[in-house]
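The data block below is query25.txt; it holds compact mmCIF, C-alpha atoms.
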```txt
# COMPACT_ATOMS: atom_id res chain seq x y z
CA MET V 482 135.64 -51.15 -57.93
CA ASN V 483 137.55 -52.43 -54.94
CA ARG V 484 136.07 -50.15 -52.28
CA GLN V 485 136.67 -52.66 -49.44
CA ILE V 486 140.11 -51.23 -48.61
CA GLN V 487 138.92 -47.65 -48.91
CA PHE V 488 136.05 -48.15 -46.48
CA THR V 489 138.24 -50.08 -44.04
CA LEU V 490 140.76 -47.25 -43.93
CA LEU V 491 138.05 -44.62 -43.71
CA ALA V 492 136.38 -46.42 -40.84
CA SER V 493 139.66 -46.92 -38.95
CA CYS V 494 140.49 -43.23 -39.27
CA MET V 495 137.16 -42.26 -37.79
CA ALA V 496 136.82 -45.09 -35.25
CA ALA V 497 137.76 -42.87 -32.33
CA ALA V 498 135.30 -40.16 -33.24
CA LEU V 499 132.51 -42.68 -33.79
CA GLY V 500 132.54 -44.39 -30.42
CA LEU V 501 136.00 -45.18 -29.18
CA GLY V 502 136.93 -41.63 -28.11
CA VAL V 503 139.09 -39.16 -29.93
CA PRO V 504 142.79 -40.11 -30.00
CA SER V 505 145.49 -38.53 -27.90
CA TYR V 506 148.69 -37.30 -29.45
CA ALA V 507 150.34 -40.57 -28.45
CA GLN V 508 147.74 -42.49 -30.45
CA VAL V 509 148.31 -40.22 -33.45
CA ALA V 510 152.06 -40.72 -33.16
CA LEU V 511 151.57 -44.49 -32.88
CA GLU V 512 149.50 -44.54 -36.07
CA SER V 513 152.19 -42.50 -37.80
CA ASP V 514 154.74 -45.09 -36.71
CA LYS V 515 152.57 -47.85 -38.15
CA ASN V 516 152.54 -45.98 -41.46
CA ALA V 517 156.25 -45.17 -41.28
CA SER V 518 157.05 -47.79 -43.88
CA PHE V 519 155.23 -45.64 -46.43
CA GLN V 520 157.25 -42.52 -45.64
CA SER V 521 160.21 -43.63 -47.70
CA GLN V 522 158.06 -45.04 -50.46
CA ALA V 523 156.82 -43.16 -53.47
CA VAL V 524 154.54 -44.29 -56.22
CA ALA V 525 156.85 -45.64 -58.89
CA ILE V 526 156.96 -43.60 -62.08
CA GLY V 527 154.50 -44.99 -64.59
CA SER V 528 153.28 -47.69 -62.19
CA SER V 529 149.65 -48.54 -61.50
CA LEU V 530 148.09 -46.99 -58.42
CA SER V 531 145.46 -48.48 -56.14
CA LEU V 532 143.09 -46.40 -54.06
CA SER V 533 144.44 -47.89 -50.84
CA ASP V 534 148.01 -46.84 -51.73
CA ALA V 535 146.84 -43.32 -52.56
CA ILE V 536 145.09 -43.11 -49.19
CA LYS V 537 148.10 -44.43 -47.26
CA GLN V 538 150.48 -42.03 -48.97
CA THR V 539 148.10 -39.14 -48.22
CA LEU V 540 147.69 -40.03 -44.54
CA VAL V 541 151.46 -39.94 -44.09
CA HIS V 542 152.43 -36.98 -46.27
CA SER V 543 149.36 -34.72 -46.43
CA PRO V 544 150.34 -31.09 -45.70
CA LYS V 545 146.85 -30.48 -44.32
CA LEU V 546 147.53 -32.91 -41.46
CA ALA V 547 151.15 -31.99 -40.82
CA ILE V 548 150.48 -29.27 -38.22
CA TYR V 549 148.12 -31.26 -36.01
CA PRO V 550 150.78 -33.24 -34.07
CA HIS V 551 152.29 -29.91 -33.02
CA GLU V 552 148.88 -28.54 -32.07
CA LEU V 553 148.19 -31.65 -29.99
CA ARG V 554 151.49 -31.26 -28.14
CA ILE V 555 150.67 -27.62 -27.44
CA ALA V 556 147.31 -28.69 -26.03
CA GLU V 557 149.00 -31.21 -23.72
CA ALA V 558 151.40 -28.52 -22.52
CA GLN V 559 148.45 -26.22 -21.79
CA ILE V 560 146.84 -28.96 -19.69
CA ILE V 561 150.02 -29.14 -17.62
CA GLN V 562 150.03 -25.36 -17.25
CA SER V 563 146.39 -25.24 -16.13
CA GLY V 564 147.11 -27.66 -13.28
CA ILE V 565 149.85 -25.52 -11.71
CA THR V 566 148.87 -24.08 -8.33
CA PRO V 567 150.07 -20.68 -7.03
CA ASN V 568 153.51 -20.75 -5.45
CA PRO V 569 154.03 -19.56 -1.85
CA ARG V 570 155.50 -16.07 -1.34
CA LEU V 571 158.31 -15.16 1.02
CA SER V 572 158.54 -11.53 2.14
CA LEU V 573 161.00 -9.63 4.35
CA ASN V 574 160.13 -6.21 5.82
CA ILE V 575 162.51 -4.00 7.82
CA ASP V 576 160.94 -0.95 9.52
CA ASN V 577 162.27 1.91 11.65
CA VAL V 578 165.82 1.99 10.31
CA LEU V 579 168.18 4.86 9.47
CA GLY V 580 166.03 7.32 11.41
CA THR V 581 166.83 9.78 14.19
CA GLY V 582 167.12 9.45 17.91
CA ALA V 583 166.24 6.01 19.18
CA MET V 584 165.68 4.87 15.64
CA SER V 585 169.05 5.88 14.27
CA GLY V 586 170.97 3.18 12.46
CA ILE V 587 169.35 -0.20 13.04
CA SER V 588 169.03 0.01 16.80
CA GLY V 589 165.28 0.50 16.56
CA ALA V 590 164.68 -1.78 13.60
CA GLU V 591 161.64 -4.06 13.43
CA THR V 592 162.14 -7.03 11.09
CA SER V 593 159.28 -9.17 9.79
CA LEU V 594 159.71 -12.41 7.83
CA ARG V 595 156.51 -13.81 6.33
CA LEU V 596 155.58 -16.91 4.30
CA SER V 597 152.21 -16.55 2.57
CA GLN V 598 150.13 -18.84 0.36
CA LEU V 599 147.14 -18.14 -1.85
CA ILE V 600 144.60 -20.93 -1.55
CA GLU V 601 142.25 -21.18 -4.55
CA LEU V 602 138.67 -21.88 -3.57
CA GLY V 603 135.77 -22.94 -5.75
CA ASP V 604 137.78 -25.73 -7.47
CA LYS V 605 139.40 -23.22 -9.83
CA ARG V 606 142.31 -25.54 -10.65
CA GLN V 607 139.96 -28.40 -11.56
CA HIS V 608 137.87 -26.10 -13.74
CA ARG V 609 140.98 -24.74 -15.51
CA MET V 610 142.12 -28.27 -16.25
CA ALA V 611 138.62 -29.24 -17.41
CA LEU V 612 138.65 -26.30 -19.83
CA THR V 613 142.04 -27.15 -21.34
CA GLN V 614 141.07 -30.83 -21.58
CA ALA V 615 137.85 -29.84 -23.35
CA LYS V 616 139.88 -27.72 -25.77
CA GLN V 617 142.13 -30.71 -26.42
CA GLN V 618 139.09 -32.87 -27.14
CA ASN V 619 137.86 -30.19 -29.54
CA LEU V 620 141.24 -30.15 -31.27
CA ASN V 621 141.16 -33.94 -31.57
CA ALA V 622 137.67 -33.76 -33.07
CA GLU V 623 138.86 -31.13 -35.55
CA PHE V 624 141.82 -33.37 -36.41
CA GLU V 625 139.47 -36.29 -37.10
CA LEU V 626 137.31 -34.02 -39.26
CA ALA V 627 140.37 -32.83 -41.19
CA ARG V 628 141.55 -36.41 -41.66
CA VAL V 629 138.17 -37.52 -42.97
CA GLN V 630 138.16 -34.55 -45.35
CA VAL V 631 141.65 -35.43 -46.57
CA LEU V 632 140.56 -39.01 -47.21
CA ALA V 633 137.48 -37.79 -49.07
CA ASP V 634 139.56 -35.37 -51.14
CA VAL V 635 142.08 -37.97 -52.29
CA THR V 636 139.29 -40.45 -53.04
CA GLN V 637 137.39 -37.83 -55.04
CA ASP V 638 140.56 -37.01 -57.00
CA TYR V 639 141.03 -40.73 -57.61
CA TYR V 640 137.45 -40.96 -58.94
CA GLU V 641 138.13 -38.00 -61.24
CA VAL V 642 141.13 -39.79 -62.72
CA LEU V 643 138.96 -42.89 -63.16
CA ARG V 644 136.30 -40.85 -64.95
CA LEU V 645 138.76 -39.21 -67.33
CA SER V 646 140.57 -42.51 -67.95
CA SER V 647 137.25 -44.10 -68.87
CA LEU V 648 136.45 -41.22 -71.22
CA VAL V 649 139.90 -41.46 -72.86
CA ASP V 650 139.41 -45.20 -73.38
CA LEU V 651 135.94 -44.56 -74.77
CA LYS V 652 137.23 -41.90 -77.15
CA ALA V 653 140.00 -44.23 -78.29
CA LYS V 654 137.37 -46.84 -79.13
CA CYS V 655 135.33 -44.15 -80.85
CA VAL V 656 138.33 -43.08 -82.98
CA GLU V 657 139.04 -46.69 -83.91
CA LEU V 658 135.45 -47.28 -84.97
CA GLU V 659 135.30 -44.04 -86.94
CA ALA V 660 138.61 -44.86 -88.65
CA GLN V 661 137.17 -48.21 -89.71
CA ALA V 662 134.04 -46.49 -91.01
CA LEU V 663 136.20 -44.00 -92.95
CA ALA V 664 138.27 -46.80 -94.48
CA LYS V 665 135.14 -48.64 -95.61
CA SER V 666 133.68 -45.40 -96.96
CA GLN V 667 136.82 -44.79 -99.01
CA LEU V 668 136.55 -48.28 -100.51
CA LEU V 669 132.88 -47.75 -101.30
CA ALA V 670 133.69 -44.36 -102.86
CA LYS V 671 136.25 -45.99 -105.15
CA ALA V 672 133.58 -48.45 -106.18
CA GLY V 673 131.18 -45.59 -106.79
CA ALA V 674 128.76 -46.77 -104.09
CA VAL V 675 129.01 -43.56 -102.04
CA SER V 676 130.00 -39.99 -102.78
CA GLN V 677 133.22 -38.22 -101.81
CA ALA V 678 131.08 -35.99 -99.60
CA ASP V 679 130.40 -39.02 -97.45
CA VAL V 680 134.13 -39.67 -97.18
CA ALA V 681 134.78 -36.02 -96.28
CA LYS V 682 132.04 -36.11 -93.64
CA LEU V 683 133.50 -39.18 -91.94
CA ALA V 684 137.02 -37.73 -92.15
CA LEU V 685 135.80 -34.58 -90.39
CA VAL V 686 134.09 -36.62 -87.68
CA LEU V 687 137.31 -38.59 -87.14
CA ALA V 688 139.40 -35.42 -86.94
CA ASN V 689 137.07 -33.91 -84.37
CA SER V 690 137.24 -37.08 -82.27
CA GLU V 691 141.04 -37.04 -82.38
CA LEU V 692 141.03 -33.43 -81.17
CA ALA V 693 138.64 -34.34 -78.36
CA THR V 694 140.93 -37.25 -77.42
CA GLN V 695 143.90 -34.94 -77.11
CA ALA V 696 141.92 -32.57 -74.88
CA LEU V 697 140.81 -35.46 -72.65
CA GLN V 698 144.36 -36.77 -72.39
CA SER V 699 145.50 -33.33 -71.25
CA GLN V 700 142.73 -33.21 -68.63
CA LEU V 701 143.68 -36.70 -67.48
CA GLN V 702 147.31 -35.70 -67.01
CA GLN V 703 146.26 -32.68 -64.97
CA ALA V 704 143.96 -34.83 -62.84
CA LYS V 705 146.78 -37.28 -62.12
CA LEU V 706 149.02 -34.42 -61.01
CA ALA V 707 146.22 -33.13 -58.76
CA LEU V 708 145.85 -36.62 -57.28
CA ALA V 709 149.58 -36.87 -56.53
CA MET V 710 149.54 -33.44 -54.87
CA ASN V 711 147.47 -34.94 -52.04
CA TRP V 712 150.69 -36.48 -50.75
CA LEU V 713 153.02 -33.85 -52.27
CA GLY V 714 154.09 -36.33 -54.92
CA ASN V 715 155.70 -35.28 -58.16
CA GLU V 716 155.81 -38.69 -59.78
CA THR V 717 153.96 -39.68 -62.95
CA ILE V 718 151.02 -41.94 -62.17
CA GLY V 719 150.37 -44.67 -64.67
CA SER V 720 147.13 -46.64 -64.73
CA LEU V 721 144.71 -47.13 -61.85
CA THR V 722 143.86 -50.56 -60.49
CA GLU V 723 140.19 -49.69 -59.88
CA SER V 724 137.41 -49.03 -62.39
CA LEU V 725 133.89 -47.67 -62.60
CA THR V 726 132.42 -50.98 -63.70
CA SER V 727 131.74 -52.43 -60.23
CA PRO V 728 128.16 -52.38 -58.96
CA LEU V 729 127.30 -49.68 -56.45
CA ASP V 730 125.89 -51.11 -53.24
CA TYR V 731 124.53 -48.71 -50.66
CA PRO V 732 122.28 -48.87 -47.59
CA ASP V 733 118.78 -47.51 -47.24
CA LEU V 734 118.09 -43.92 -46.22
CA ALA V 735 117.17 -44.84 -42.63
CA GLN V 736 120.65 -46.29 -42.05
CA VAL V 737 122.25 -43.13 -43.45
CA LEU V 738 120.17 -40.85 -41.23
CA SER V 739 120.91 -42.96 -38.15
CA ALA V 740 124.58 -41.98 -38.47
CA ILE V 741 123.98 -38.26 -37.94
CA ASP V 742 125.00 -38.29 -34.26
CA ARG V 743 128.39 -39.76 -35.24
CA ALA V 744 129.04 -37.32 -38.08
CA PRO V 745 132.50 -35.70 -37.76
CA GLU V 746 131.23 -32.12 -38.04
CA TYR V 747 128.51 -32.86 -35.49
CA LEU V 748 131.15 -34.31 -33.14
CA VAL V 749 133.17 -31.11 -33.54
CA LEU V 750 130.12 -29.12 -32.47
CA ALA V 751 129.63 -31.51 -29.54
CA SER V 752 133.25 -30.98 -28.46
CA GLN V 753 132.75 -27.22 -28.76
CA GLN V 754 129.77 -27.63 -26.44
CA GLY V 755 132.13 -29.25 -23.98
CA VAL V 756 134.45 -26.24 -24.20
CA VAL V 757 131.56 -23.84 -23.59
CA ASN V 758 130.35 -25.88 -20.60
CA ALA V 759 133.85 -25.83 -19.13
CA GLN V 760 134.09 -22.07 -19.68
CA LEU V 761 130.85 -21.61 -17.74
CA GLY V 762 132.15 -23.76 -14.91
CA LEU V 763 135.36 -21.76 -14.71
CA ALA V 764 133.47 -18.45 -14.78
CA GLN V 765 131.33 -19.63 -11.87
CA ALA V 766 134.42 -20.81 -9.99
CA LYS V 767 136.09 -17.43 -10.40
CA ALA V 768 133.16 -15.84 -8.58
CA THR V 769 134.41 -17.52 -5.40
CA ALA V 770 136.97 -15.43 -3.52
CA ASP V 771 140.35 -16.96 -2.79
CA LEU V 772 141.92 -17.24 0.68
CA ASP V 773 145.32 -15.75 1.46
CA ILE V 774 147.05 -17.04 4.62
CA SER V 775 150.46 -16.14 5.96
CA ALA V 776 152.67 -16.89 8.93
CA GLY V 777 155.98 -15.49 10.08
CA ILE V 778 158.03 -13.92 12.82
CA LYS V 779 158.70 -10.33 13.87
CA ARG V 780 161.70 -9.09 15.86
CA SER V 781 162.16 -5.71 17.53
CA GLU V 782 165.76 -4.65 18.05
CA LEU V 783 164.68 -1.87 20.41
CA SER V 784 163.01 -4.22 22.90
CA ASP V 785 164.98 -7.30 21.90
CA ASP V 786 161.71 -9.24 21.57
CA THR V 787 160.50 -11.73 18.92
CA GLY V 788 156.87 -12.55 18.09
CA LEU V 789 154.81 -14.76 15.79
CA LEU V 790 152.81 -13.26 12.90
CA LEU V 791 149.60 -14.87 11.60
CA SER V 792 147.34 -13.49 8.88
CA VAL V 793 144.23 -14.63 7.02
CA SER V 794 142.58 -12.46 4.36
CA MET V 795 140.00 -12.73 1.62
CA PRO V 796 137.89 -10.25 -0.36
CA LEU V 797 134.36 -9.47 0.75
CA THR V 798 132.18 -10.50 -2.20
CA LEU V 799 129.30 -8.12 -1.58
CA THR V 800 128.48 -8.47 -5.28
CA ASN V 801 129.35 -11.23 -7.72
CA PRO V 802 132.64 -10.08 -9.28
CA ASN V 803 132.17 -12.36 -12.29
CA GLU V 804 128.45 -11.94 -12.90
CA GLY V 805 128.82 -10.57 -16.43
CA ASN V 806 131.19 -13.32 -17.54
CA ILE V 807 128.87 -15.99 -16.12
CA LEU V 808 125.92 -14.53 -18.00
CA ALA V 809 127.93 -14.36 -21.23
CA ALA V 810 129.02 -18.00 -20.77
CA ARG V 811 125.41 -19.12 -20.27
CA ILE V 812 124.31 -17.29 -23.41
CA GLU V 813 127.19 -18.89 -25.32
CA GLN V 814 126.11 -22.27 -23.97
CA GLN V 815 122.57 -21.76 -25.28
CA LYS V 816 123.93 -20.51 -28.60
CA GLN V 817 126.05 -23.65 -28.97
CA GLN V 818 123.08 -25.88 -28.18
CA ASP V 819 121.01 -24.11 -30.82
CA SER V 820 123.86 -24.47 -33.34
CA GLN V 821 123.97 -28.22 -32.74
CA ARG V 822 120.21 -28.54 -33.15
CA ILE V 823 120.15 -26.46 -36.35
CA TYR V 824 123.14 -28.31 -37.85
CA ARG V 825 121.51 -31.66 -37.10
CA GLN V 826 118.36 -30.59 -38.94
CA GLN V 827 120.35 -29.21 -41.87
CA LEU V 828 122.47 -32.35 -42.08
CA SER V 829 119.40 -34.56 -42.08
CA ALA V 830 117.93 -32.60 -45.00
CA LYS V 831 121.24 -32.58 -46.88
CA LEU V 832 121.73 -36.32 -46.44
CA SER V 833 118.21 -37.00 -47.71
CA GLN V 834 118.82 -34.81 -50.75
CA LEU V 835 122.16 -36.46 -51.50
CA TYR V 836 120.68 -39.91 -51.07
CA VAL V 837 117.90 -39.20 -53.56
CA ALA V 838 120.46 -37.85 -56.06
CA MET V 839 122.75 -40.87 -55.57
CA ASP V 840 119.87 -43.30 -55.96
CA ALA V 841 118.81 -41.56 -59.17
CA SER V 842 122.37 -41.65 -60.56
CA ALA V 843 122.76 -45.34 -59.74
CA LYS V 844 119.42 -46.20 -61.32
CA GLN V 845 120.22 -44.11 -64.40
CA ALA V 846 123.54 -45.95 -64.86
CA GLN V 847 121.82 -49.31 -64.42
CA MET V 848 119.08 -48.43 -66.92
CA ILE V 849 121.59 -47.19 -69.50
CA GLU V 850 123.64 -50.35 -69.13
CA SER V 851 120.78 -52.82 -69.21
CA GLN V 852 118.35 -51.17 -71.65
CA THR V 853 119.52 -48.32 -73.84
CA LEU V 854 123.13 -49.36 -74.53
CA PRO V 855 122.18 -52.72 -76.05
CA LEU V 856 119.66 -50.92 -78.29
CA ALA V 857 122.27 -48.35 -79.37
CA LYS V 858 124.80 -51.07 -80.16
CA GLN V 859 122.24 -52.96 -82.22
CA LEU V 860 121.30 -49.75 -84.03
CA LEU V 861 124.92 -49.10 -84.97
CA ILE V 862 125.41 -52.63 -86.29
CA GLU V 863 122.30 -52.47 -88.42
CA THR V 864 123.13 -48.95 -89.67
CA GLN V 865 126.64 -50.02 -90.68
CA MET V 866 125.21 -52.95 -92.64
CA ALA V 867 122.60 -50.71 -94.27
CA TYR V 868 125.24 -48.10 -95.14
CA GLU V 869 127.46 -50.68 -96.82
CA ALA V 870 124.41 -51.96 -98.74
CA GLY V 871 123.52 -48.43 -99.82
CA GLN V 872 120.33 -48.39 -97.77
CA ALA V 873 121.47 -45.70 -95.28
CA ASN V 874 123.32 -42.45 -95.79
CA VAL V 875 126.40 -41.19 -93.99
CA LEU V 876 124.41 -38.93 -91.69
CA GLN V 877 122.50 -41.93 -90.38
CA LEU V 878 125.77 -43.75 -89.77
CA VAL V 879 127.31 -40.80 -87.95
CA ASP V 880 124.14 -40.37 -85.90
CA ALA V 881 124.16 -44.06 -84.85
CA GLN V 882 127.81 -43.79 -83.79
CA SER V 883 127.10 -40.55 -81.93
CA GLN V 884 124.14 -42.01 -80.05
CA LEU V 885 126.15 -45.01 -78.90
CA PHE V 886 129.09 -43.00 -77.61
CA SER V 887 126.83 -40.39 -76.08
CA LEU V 888 125.08 -43.10 -74.09
CA GLU V 889 128.41 -44.59 -73.00
CA GLN V 890 129.53 -41.14 -71.86
CA SER V 891 126.26 -40.75 -69.95
CA TRP V 892 126.85 -44.12 -68.29
CA ILE V 893 130.36 -43.09 -67.21
CA GLN V 894 129.07 -39.79 -65.84
CA ALA V 895 126.19 -41.46 -63.99
CA LYS V 896 128.50 -44.02 -62.34
CA TYR V 897 130.97 -41.28 -61.44
CA GLN V 898 128.23 -39.15 -59.91
CA ALA V 899 126.83 -42.09 -57.94
CA PHE V 900 130.24 -42.98 -56.48
CA SER V 901 130.96 -39.31 -55.72
CA GLN V 902 127.60 -38.83 -54.03
CA LEU V 903 128.13 -41.96 -51.93
CA LEU V 904 131.55 -40.63 -50.97
CA THR V 905 129.98 -37.33 -49.89
CA LEU V 906 127.49 -39.23 -47.74
CA GLU V 907 130.37 -41.10 -46.13
CA ARG V 908 132.29 -37.88 -45.51
CA LEU V 909 129.30 -36.15 -43.93
CA THR V 910 128.31 -39.10 -41.73
CA GLY V 911 131.80 -40.38 -41.00
CA GLN V 912 130.55 -43.88 -41.79
CA ALA V 913 131.53 -46.50 -44.32
CA LEU V 914 128.11 -46.86 -45.93
CA VAL V 915 128.70 -50.31 -47.37
CA SER V 916 127.63 -53.80 -46.41
CA GLU V 917 129.96 -55.89 -44.25
CA THR V 918 130.31 -58.49 -46.97
CA ARG V 919 132.08 -56.06 -49.29
```
Could I get this file's structure written as structure tokens?
Amino acid sequence: MNRQIQFTLLASCMAAALGLGVPSYAQVALESDKNASFQSQAVAIGSSLSLSDAIKQTLVHSPKLAIYPHELRIAEAQIIQSGITPNPRLSLNIDNVLGTGAMSGISGAETSLRLSQLIELGDKRQHRMALTQAKQQNLNAEFELARVQVLADVTQDYYEVLRLSSLVDLKAKCVELEAQALAKSQLLAKAGAVSQADVAKLALVLANSELATQALQSQLQQAKLALAMNWLGNETIGSLTESLTSPLDYPDLAQVLSAIDRAPEYLVLASQQGVVNAQLGLAQAKATADLDISAGIKRSELSDDTGLLLSVSMPLTLTNPNEGNILAARIEQQKQQDSQRIYRQQLSAKLSQLYVAMDASAKQAQMIESQTLPLAKQLLIETQMAYEAGQANVLQLVDAQSQLFSLEQSWIQAKYQAFSQLLTLERLTGQALVSETR
């Protein structure tokens, strides 16, 4: 199977999350522009489909990724909003007007014009911006996780089509072989070498295989439609350019476990830790009282005098006004740290379990291919010869055919499971677990 392109695309999609930093919206938009040539393309009806084309179509048209550019723009707008400082206030007060005596009309009016400004202390603006930037980083990490999941989903659907295609091909070969056996049995029956019961038995076996072929073809068609739905396609997919016959190369367990710290879900948790840290910083900053200063002029119409007004005010923080929120933020911080630690332990155990299962599937496929399949093929050849010579009965012939095709089905399933388990390891670690030479 040509997995080189798949792993290259998978690695490029996760490059930012793995060490180059999560992408900004501009980077996402730039990547979309690079893939723009695929937007007007559709898989031609009845044409063959490669895994790389399926991935490219999905990256451009996936409905699961469609909302993230809007979410990223919203996050950028929120960063701008968090950096806005309080505006100055202009106030005009007129006292002692429309009264009685000396204060009748406006003759005794006192007019004050003030310009005031709230000055934020405790670096509140910086902490607000740090919080919104941390939320943007978390959104970017979630976008990378979603993109990795989308890639894994389309690849898994592609593998499912490969599996069913292989089973359909196998069944077709099975039907052909059983039809040949039936034809020979009919000739032998005419010659009186075998009974009509043998002919009927082989005819029944052939009919059952044809029914099974129809069911598999229906499943294959449904799987192809499910594959096309990854990019909202409604075209009919023909054959696939990949196959399950390629050898499965994979690294050792130590290399898999070393990728835990770069796993997409772990990076999401790390970005959430950044949000919690920023929330704690903002809560602590809000405990610092702000300063309100003002300056202006005051005129008295009664005395015909004008004076300067100056004012400075701030709350007296006899107690911490944000003590509860700070405590809650610290508890949330500890909770997030525990969640990261627990997830890391769970991921390590899950990766080990998956690796053992993948290794077993790969070894089972290799053993079937190298040892048991050749024996089953030889058994069928010898049974066919013995049946034609009258030395074996029809049940022995049917059993030999059944054993061969059962082993070939087991081989297909083992290869499919091994590739699927490797794909799951790649999705969980965010790494292309394949040698550089491939």
Which is closer to Gln618 (chain V) than all the others in V:Ile807, V:Leu832, V:Leu860, V:Ala759, using all atoms listed in the file? V:Ala759
Report the distance between CA of Ala707 (chain V) and CA of Cys655 (chain V) in Å, rounded to one decimal place. 27.0 Å
For Ala622 (chain V), which residue among V:Ser752, V:Gln882, V:Thr722, V:Thr636 is the nearest when counting all atoms listed in the file?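 Among the listed residues, V:Ser752 lies closest to Ala622 (chain V).
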I'd like the contact shell of Thr800 (chain V) - 12 Å cut-off, only C-alpha atoms, skipping same-chain residues fewer than 6 positions apart - returned as a PyMOL selection string. chain V and resi 768-770
Residues from last step as file, C-alpha atoms, as a PDB file, in the frame of the given file:
```
ATOM      1  CA  ALA V 768     133.160 -15.840  -8.580  1.00  0.00           C
ATOM      2  CA  THR V 769     134.410 -17.520  -5.400  1.00  0.00           C
ATOM      3  CA  ALA V 770     136.970 -15.430  -3.520  1.00  0.00           C
TER       4      ALA V 770
END
```
Looking at V:Ile587, V:Ala535, V:Ala678, V:Leu620, which one is nearest to Asn874 (chain V), with distances taken over all atoms listed in the file?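 Among the listed residues, V:Ala678 lies closest to Asn874 (chain V).
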Between CA of Ser690 (chain V) and CA of Leu663 (chain V), what is the distance, to one decimal in Å?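 Taking CA of Ser690 (chain V) and CA of Leu663 (chain V), their separation equals 12.8 Å.
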As AutoDock Vina command-line options: centre and edge lengths in Å, one decimal, of the axis-aligned box holding region 847-850 of chain V with 8 Å per side:
```
--center_x 121.4 --center_y -48.8 --center_z -67.0 --size_x 20.6 --size_y 19.2 --size_z 21.1
```
Excluding same-chain residues fewer than 2 positions from Gln562 (chain V), what lies within 12 Å of it counting only C-alpha atoms, as a PDB file with C-alpha atoms, in the frame of the given file?
```pdb
ATOM      1  CA  ILE V 555     150.670 -27.620 -27.440  1.00  0.00           C
ATOM      2  CA  ALA V 556     147.310 -28.690 -26.030  1.00  0.00           C
ATOM      3  CA  GLU V 557     149.000 -31.210 -23.720  1.00  0.00           C
ATOM      4  CA  ALA V 558     151.400 -28.520 -22.520  1.00  0.00           C
ATOM      5  CA  GLN V 559     148.450 -26.220 -21.790  1.00  0.00           C
ATOM      6  CA  ILE V 560     146.840 -28.960 -19.690  1.00  0.00           C
ATOM      7  CA  GLY V 564     147.110 -27.660 -13.280  1.00  0.00           C
ATOM      8  CA  ILE V 565     149.850 -25.520 -11.710  1.00  0.00           C
ATOM      9  CA  THR V 566     148.870 -24.080  -8.330  1.00  0.00           C
ATOM     10  CA  PRO V 567     150.070 -20.680  -7.030  1.00  0.00           C
ATOM     11  CA  ARG V 606     142.310 -25.540 -10.650  1.00  0.00           C
ATOM     12  CA  GLN V 607     139.960 -28.400 -11.560  1.00  0.00           C
ATOM     13  CA  ARG V 609     140.980 -24.740 -15.510  1.00  0.00           C
ATOM     14  CA  MET V 610     142.120 -28.270 -16.250  1.00  0.00           C
ATOM     15  CA  LEU V 612     138.650 -26.300 -19.830  1.00  0.00           C
ATOM     16  CA  THR V 613     142.040 -27.150 -21.340  1.00  0.00           C
ATOM     17  CA  GLN V 614     141.070 -30.830 -21.580  1.00  0.00           C
TER      18      GLN V 614
END
```
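In this model, the gap between CA of Glu691 (chain V) and CA of Glu641 (chain V) comes to 21.4 Å.
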Please, which residues are within 10 Å of (121.9, -43.5, -90.1) by the file's coordinates, counting all atoms listed in the file, and could they come as a PyMOL selection string? chain V and resi 860-861+863-865+867-868+872-882
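Take the candidates V:Leu721, V:Leu738, V:Met795, V:Val578 and check each one against Ile774 (chain V) using only C-alpha atoms; the shortest distance goes to V:Met795.
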Residues within 7 Å of Leu909 (chain V), please, as an NGL selection string. Count all atoms listed in the file; anything in the same chain fewer than 4 positions from it doesn't count. :V and (744-745 or 905)
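Nearest-residue note for Glu813 (chain V): choosing from V:Gly714, V:Gly777, V:Gly673, V:Gly755, the minimum distance belongs to V:Gly755, counting only C-alpha atoms.
Of the listed residues (V:Gln617, V:Asn689, V:Ser699, V:Asn711), V:Asn711 comes nearest to Gln637 (chain V); the distances count all atoms listed in the file.
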Got a sec to check which residues sit within 12 Å of (128.1, -40.8, -69.2), counting only C-alpha atoms, and write them as a PyMOL selection string? chain V and resi 644-645+647-648+651+725+842-843+845-847+849-850+854+884-899
Skipping near chain neighbours, those fewer than 6 positions away, what residues fall within 12 Å of Glu623 (chain V) using only C-alpha atoms, listed as a VMD selection string? chain V and resid 495 498 503 to 504 545 to 546 549 552 to 553 616 to 617 629 to 630 744 to 753
